[in-house]
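Q: Structure incoming, see below.
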Amino acid sequence: MARTAETAQAPDTAAVTEVVRVRVPERGLRQDLRAVKIVLHRELIRFWRDKLRMVSGLVQPVLWLLVMGTGLSSLMAGGGGPAGAVNLKTFIFPGVCAMSVMFTAMFSAGSIVWDREFGFLREMLVAPVSRSAIVVGKCIGGAFVATLQGAVIVLLAGLAGVPYDPVLLLQLLGLMFIGAFALTGFGVMMAARITSMQSFFGLMQMAMMPMMFLSGALYPLNGLPAWLTVLTRLNPLTYAVDPLRHVVFSHLDLSPQLLRTFDPGVTWGGWTVPMWLEILIVLGMGFALMGVAIAEFSRAD
Amino acid sequence: MPDGGPAVEVVGLTKRFGDVEAVRGIDFTVRPGEIFGFLGPNGAGKSTTINMLCTLLRPTSGSARVAGYDVVAERDSVRRNIGLVFQDPTLDGYLSGEQNLRFHAELYGVPRSVTGARIRQVLEMVGLWERRGDLAQTYSGGMKRRLEIARGLLHSPRVLFLDEPTVGLDPQTRASIWEYIRQLQAAEEITIFMTTHYMDEAEFCGRIAIMDSGRIVALDTPEALKAGVGKDRVRIQTADDAAAIAAIKERFDLEAVVSEGAVTFSVASGEAFVPRLFAELGVPIRSVNVARPSLDDVFMSFTGSTIRDAEASASDHMRMAMRAARR
């Protein structure tokens, strides 16, 4: 503090005399790309700084995997179901990955609300760049951060009896990125409207719990009662979780019967939705939600 | 900006929030290289005006050009040519001082070849080069404000807008911020447009516009404004205040009041009046003090109230209207 006052009173006059002049270029695509990159970069810096967040993001998935997974496994083994050859932990592993990515993506999107509360959003909104550059940067940045968090969970694959196959790990990361992108888009869209952290997280909690329970993250989606079947098919998260499970099970050596039980895929009235279409649905959702977010931020004047 | 053109040119600028007219058709011109102050109580419409000039708010009617560009039609050009320091902090506390500036440089498209040198220069100018690696959240209030000033300057704007740059800072820090602002103006050939509700700070400005209830009630140099008031403030200590007040009323036809333990009244050319006062008052005088009019008196003479009183009445309903309009 004392040093501050001292430097404040005797400013470095020598430095002031020679002025580095800056000419700011006209706004264009190159400028907007630079803006996307720096907004993204800031998300990564902040994620990296916040080690506590990375660790706390691990707690929930580990609880699901080790505690719930182990606990329910013994129940199923006792019941003598078809679970015998498949560890329940393996089954919920893709679901746990999806959940972890989902929570991190929402947190990242929530940083827009934080930015607004602490004024930093204003610094971004008055810059001579298009608002869409800022929203795109936020969405991609959030997706990156969520995938990084997901990567930490993927490292736990061994605990769930999932093999460390490099191809499988890459597929998981890629799928997680796509899912995270869509979820960040959803979060950013909400954040455009909501001005307080409390209501944002309250609302997110409200949206996320049903989405998670109806996604097939924790139970297979075949043989459900009709009402639940309809709800799970309407849930976008379903199409993000299923490909994750599919790639995990395609790397396991299982009988067709077990595969049918544990990796039934998503069906629309008897027709199994192919994985490429599921990915397309999630990507489409992501772009659509991001589009709405861009429209909302461009209007906010 | 066309050479020799005004830095800011405002014609009939109006902003309405619902039923409340926050800015009621103001006109003024700021010359390049000037330090131009906007003075007035909270709720007078200063921030609304500055937000319109910075392209953050659309005027209801009227027009404004900043650095030669129209604030509505040429928004991006205006944005490229202005620097902003807001009333409320807009730093990312989880980034270091230097990272905050780097973010700004990228966002404003500062050429990479000069970014490093320019960041160093502005940080040195505000005395934060040594602290560049520390997170902004560890900075004191004054340091944060200095970092924001450095950031506002980073892209070499033609006009720097400072909205209450010293509000909430201790007097010593306020003084040092002013030191920087004046140096800056000399070094960067920049026009500075600022708002303040501290009377003493307005004295540093080249010209001042006094704003009250959405209108500009006076615009001139601080000296001219004070001279325009035409009266000095005389304070005397007497043996009998009541008798002195009665005598002043009777002999000189002036209204005096007891304020802060002294008999106080206003009179033209106060120093020349003092000998007459001693000769004719008839009540023993123990001490006398003659003060030149301050900008407080100027504000009082134009608006009929002190800046503090005006603030209390104006801020409540104006703030509410602003909040409703802001998202």
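We label chains A, B, ... in the order they appear in the structure tokens, count residues from 1 in each chain, and number ligands from 1 in the order shown.
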Give one line per residue of chain B that approaches chain A to at most 7 Å, naming the two atoms of the closest pair and their distance in Å to one decimal, counting only C-alpha atoms; sort by chain then ascending residue number and deliver it as JSON lines.
A:
{"residue": "B:Leu56", "atom": "CA", "partner": "A:Asp301", "partner_atom": "CA", "distance": 6.6}
{"residue": "B:Leu57", "atom": "CA", "partner": "A:Asp301", "partner_atom": "CA", "distance": 6.6}
{"residue": "B:Asp76", "atom": "CA", "partner": "A:Pro128", "partner_atom": "CA", "distance": 5.2}
{"residue": "B:Arg79", "atom": "CA", "partner": "A:Pro128", "partner_atom": "CA", "distance": 5.5}
{"residue": "B:Arg80", "atom": "CA", "partner": "A:Pro128", "partner_atom": "CA", "distance": 5.8}
{"residue": "B:Pro89", "atom": "CA", "partner": "A:Gly119", "partner_atom": "CA", "distance": 6.1}
{"residue": "B:Thr90", "atom": "CA", "partner": "A:Gly119", "partner_atom": "CA", "distance": 4.3}
{"residue": "B:Leu91", "atom": "CA", "partner": "A:Phe120", "partner_atom": "CA", "distance": 5.6}
{"residue": "B:Asp92", "atom": "CA", "partner": "A:Phe120", "partner_atom": "CA", "distance": 6.1}
{"residue": "B:Tyr94", "atom": "CA", "partner": "A:Arg46", "partner_atom": "CA", "distance": 6.6}
{"residue": "B:Phe103", "atom": "CA", "partner": "A:Ile38", "partner_atom": "CA", "distance": 6.3}
{"residue": "B:Glu106", "atom": "CA", "partner": "A:Arg34", "partner_atom": "CA", "distance": 6.2}
{"residue": "B:Leu107", "atom": "CA", "partner": "A:Ala35", "partner_atom": "CA", "distance": 5.0}
{"residue": "B:Tyr108", "atom": "CA", "partner": "A:Ala127", "partner_atom": "CA", "distance": 6.2}
{"residue": "B:Gly109", "atom": "CA", "partner": "A:Gln31", "partner_atom": "CA", "distance": 5.9}
{"residue": "B:Val110", "atom": "CA", "partner": "A:Val24", "partner_atom": "CA", "distance": 5.6}
{"residue": "B:Arg118", "atom": "CA", "partner": "A:Val20", "partner_atom": "CA", "distance": 5.7}
{"residue": "B:Gln121", "atom": "CA", "partner": "A:Ala15", "partner_atom": "CA", "distance": 6.5}
{"residue": "B:Glu124", "atom": "CA", "partner": "A:Ala15", "partner_atom": "CA", "distance": 6.6}
{"residue": "B:Met125", "atom": "CA", "partner": "A:Val16", "partner_atom": "CA", "distance": 6.0}
{"residue": "B:Val126", "atom": "CA", "partner": "A:Pro11", "partner_atom": "CA", "distance": 6.9}
{"residue": "B:Gly127", "atom": "CA", "partner": "A:Thr7", "partner_atom": "CA", "distance": 5.8}
{"residue": "B:His155", "atom": "CA", "partner": "A:Val22", "partner_atom": "CA", "distance": 5.6}
{"residue": "B:Ser156", "atom": "CA", "partner": "A:Val22", "partner_atom": "CA", "distance": 5.4}
{"residue": "B:Ser176", "atom": "CA", "partner": "A:Ala8", "partner_atom": "CA", "distance": 5.6}
{"residue": "B:Ala187", "atom": "CA", "partner": "A:Val16", "partner_atom": "CA", "distance": 6.1}
{"residue": "B:Glu188", "atom": "CA", "partner": "A:Val19", "partner_atom": "CA", "distance": 6.9}
Q: Excluding same-chain residues fewer than 4 positions from segment 231-247 of chain B, what lies within 12 Å of it counting only C-alpha atoms, as a ChimeraX atom specification?
A: /B:225-227,251-274,277-278,280-298,301
Q: Keeping N, CA and C atoms, export the residues of the selection given above as a CSV table (one decimal), in the first residue's frame.
A:
chain,number,residue,atom,x,y,z
B,225,LEU,N,-16.8,30.8,-14.9
B,225,LEU,CA,-18.0,30.4,-14.1
B,225,LEU,C,-18.0,31.1,-12.8
B,226,LYS,N,-16.8,31.0,-12.1
B,226,LYS,CA,-16.7,31.6,-10.8
B,226,LYS,C,-16.9,33.1,-10.8
B,227,ALA,N,-16.2,33.7,-11.8
B,227,ALA,CA,-16.3,35.1,-11.9
B,227,ALA,C,-17.7,35.5,-12.2
B,251,ARG,N,-27.3,48.4,7.6
B,251,ARG,CA,-26.4,49.3,7.0
B,251,ARG,C,-26.1,49.0,5.5
B,252,PHE,N,-26.0,47.7,5.2
B,252,PHE,CA,-25.6,47.3,3.8
B,252,PHE,C,-26.6,46.6,3.0
B,253,ASP,N,-27.8,46.4,3.6
B,253,ASP,CA,-28.9,45.6,3.0
B,253,ASP,C,-28.4,44.3,2.4
B,254,LEU,N,-27.7,43.5,3.3
B,254,LEU,CA,-27.2,42.2,2.9
B,254,LEU,C,-27.8,41.2,3.9
B,255,GLU,N,-28.2,40.0,3.4
B,255,GLU,CA,-28.7,38.9,4.2
B,255,GLU,C,-27.5,38.1,4.8
B,256,ALA,N,-27.4,38.0,6.1
B,256,ALA,CA,-26.3,37.3,6.7
B,256,ALA,C,-26.9,36.1,7.5
B,257,VAL,N,-26.2,35.0,7.6
B,257,VAL,CA,-26.6,34.0,8.5
B,257,VAL,C,-25.5,33.5,9.3
B,258,VAL,N,-25.8,32.8,10.4
B,258,VAL,CA,-24.7,32.2,11.2
B,258,VAL,C,-24.5,30.8,10.6
B,259,SER,N,-23.3,30.5,10.1
B,259,SER,CA,-23.0,29.2,9.6
B,259,SER,C,-21.6,28.7,10.1
B,260,GLU,N,-21.6,27.6,10.7
B,260,GLU,CA,-20.4,27.0,11.3
B,260,GLU,C,-19.7,28.0,12.2
B,261,GLY,N,-20.5,28.6,13.1
B,261,GLY,CA,-19.9,29.5,14.1
B,261,GLY,C,-19.5,30.9,13.6
B,262,ALA,N,-19.8,31.2,12.4
B,262,ALA,CA,-19.4,32.5,11.9
B,262,ALA,C,-20.6,33.2,11.2
B,263,VAL,N,-20.6,34.5,11.2
B,263,VAL,CA,-21.6,35.2,10.4
B,263,VAL,C,-21.1,35.2,9.0
B,264,THR,N,-22.0,34.8,8.1
B,264,THR,CA,-21.6,34.6,6.7
B,264,THR,C,-22.5,35.3,5.8
B,265,PHE,N,-22.0,36.0,4.8
B,265,PHE,CA,-22.8,36.6,3.8
B,265,PHE,C,-22.0,36.7,2.5
B,266,SER,N,-22.7,37.0,1.4
B,266,SER,CA,-22.1,37.1,0.1
B,266,SER,C,-22.1,38.5,-0.4
B,267,VAL,N,-21.0,39.0,-1.0
B,267,VAL,CA,-21.0,40.4,-1.5
B,267,VAL,C,-20.0,40.5,-2.6
B,268,ALA,N,-20.3,41.4,-3.6
B,268,ALA,CA,-19.4,41.6,-4.7
B,268,ALA,C,-18.1,42.2,-4.2
B,269,SER,N,-17.0,41.8,-4.8
B,269,SER,CA,-15.6,42.2,-4.5
B,269,SER,C,-15.4,42.4,-3.0
B,270,GLY,N,-15.4,41.2,-2.3
B,270,GLY,CA,-15.4,41.1,-0.9
B,270,GLY,C,-14.2,41.8,-0.2
B,271,GLU,N,-13.1,41.8,-0.9
B,271,GLU,CA,-11.9,42.4,-0.2
B,271,GLU,C,-12.0,43.9,-0.1
B,272,ALA,N,-12.6,44.5,-1.1
B,272,ALA,CA,-12.8,46.0,-1.0
B,272,ALA,C,-13.9,46.3,0.0
B,273,PHE,N,-14.7,45.4,0.3
B,273,PHE,CA,-15.8,45.6,1.2
B,273,PHE,C,-15.4,45.6,2.7
B,274,VAL,N,-14.3,44.9,2.9
B,274,VAL,CA,-13.9,44.7,4.3
B,274,VAL,C,-13.6,46.0,5.1
B,277,LEU,N,-16.8,47.5,6.1
B,277,LEU,CA,-17.4,46.7,7.1
B,277,LEU,C,-16.9,47.1,8.5
B,278,PHE,N,-15.5,47.2,8.6
B,278,PHE,CA,-14.9,47.6,9.9
B,278,PHE,C,-15.4,49.0,10.3
B,280,GLU,N,-18.1,50.8,9.4
B,280,GLU,CA,-19.5,51.1,9.6
B,280,GLU,C,-20.4,50.1,10.4
B,281,LEU,N,-19.8,48.9,10.7
B,281,LEU,CA,-20.7,47.9,11.3
B,281,LEU,C,-21.1,48.3,12.7
B,282,GLY,N,-20.2,48.8,13.5
B,282,GLY,CA,-20.5,49.2,14.9
B,282,GLY,C,-20.6,48.0,15.9
B,283,VAL,N,-20.3,46.8,15.4
B,283,VAL,CA,-20.2,45.7,16.3
B,283,VAL,C,-18.7,45.2,16.3
B,284,PRO,N,-18.0,45.0,17.4
B,284,PRO,CA,-16.6,44.6,17.3
B,284,PRO,C,-16.4,43.3,16.5
B,285,ILE,N,-15.4,43.3,15.6
B,285,ILE,CA,-15.1,42.1,14.8
B,285,ILE,C,-13.8,41.5,15.3
B,286,ARG,N,-13.9,40.2,15.5
B,286,ARG,CA,-12.7,39.6,16.0
B,286,ARG,C,-11.8,39.0,14.9
B,287,SER,N,-12.4,38.5,13.8
B,287,SER,CA,-11.7,38.0,12.7
B,287,SER,C,-12.5,38.1,11.4
B,288,VAL,N,-11.8,38.1,10.3
B,288,VAL,CA,-12.6,38.2,9.0
B,288,VAL,C,-11.9,37.2,8.0
B,289,ASN,N,-12.8,36.6,7.2
B,289,ASN,CA,-12.3,35.7,6.1
B,289,ASN,C,-13.1,36.0,4.9
B,290,VAL,N,-12.3,36.2,3.8
B,290,VAL,CA,-13.0,36.5,2.5
B,290,VAL,C,-12.6,35.3,1.6
B,291,ALA,N,-13.6,34.6,1.0
B,291,ALA,CA,-13.3,33.5,0.1
B,291,ALA,C,-13.8,33.8,-1.3
B,292,ARG,N,-13.0,33.5,-2.3
B,292,ARG,CA,-13.5,33.5,-3.7
B,292,ARG,C,-14.6,32.5,-3.9
B,293,PRO,N,-15.5,32.7,-4.8
B,293,PRO,CA,-16.6,31.8,-5.0
B,293,PRO,C,-16.0,30.4,-5.4
B,294,SER,N,-16.5,29.4,-4.9
B,294,SER,CA,-16.1,28.0,-5.4
B,294,SER,C,-17.1,27.6,-6.4
B,295,LEU,N,-16.8,26.4,-7.0
B,295,LEU,CA,-17.7,25.9,-8.0
B,295,LEU,C,-19.0,25.5,-7.3
B,296,ASP,N,-18.9,25.2,-6.0
B,296,ASP,CA,-20.1,25.0,-5.2
B,296,ASP,C,-21.1,26.2,-5.3
B,297,ASP,N,-20.5,27.4,-5.1
B,297,ASP,CA,-21.3,28.6,-5.2
B,297,ASP,C,-21.8,28.7,-6.6
B,298,VAL,N,-21.0,28.4,-7.6
B,298,VAL,CA,-21.5,28.4,-9.0
B,298,VAL,C,-22.7,27.5,-9.2
B,301,SER,N,-25.6,29.0,-7.6
B,301,SER,CA,-26.2,30.2,-8.2
B,301,SER,C,-27.0,29.8,-9.5
Q: Quick one: of A:Leu172, A:Leu254, A:Met290, A:Leu224, who's nearest to Thr267 of chain A, counting only C-alpha atoms?
A: A:Leu224
Q: Can you tell me how far atom CA of Gly40 of chain B sits from atom CA of Met211 of chain B, in Å to one decimal?
A: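 These two atoms are separated by 5.0 Å.
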Q: Quick one: residues within 12 Å of Leu234 of chain A, only C-alpha atoms counted, chain neighbours fewer than 2 positions away excluded, as a list of chain:residue names?
A: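 Selected residues are A:Pro210, A:Met211, A:Leu214, A:Ser215, A:Gly216, A:Trp227, A:Leu228, A:Thr229, A:Val230, A:Leu231, A:Thr232, A:Pro236, A:Leu237, A:Thr238, A:Tyr239, A:Val266, A:Thr267, A:Trp268, A:Ile281.
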Q: Please measure the separation of atom CA of Gln171 of chain A and atom CA of Pro243 of chain A, giving the value in Å to one decimal.
A: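 Atom-to-atom, atom CA of Gln171 of chain A and atom CA of Pro243 of chain A are spaced 9.5 Å apart.
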Q: Any idea what the distance is between atom CA of Phe144 of chain A and atom CA of Leu44 of chain A?
A: 7.7 Å
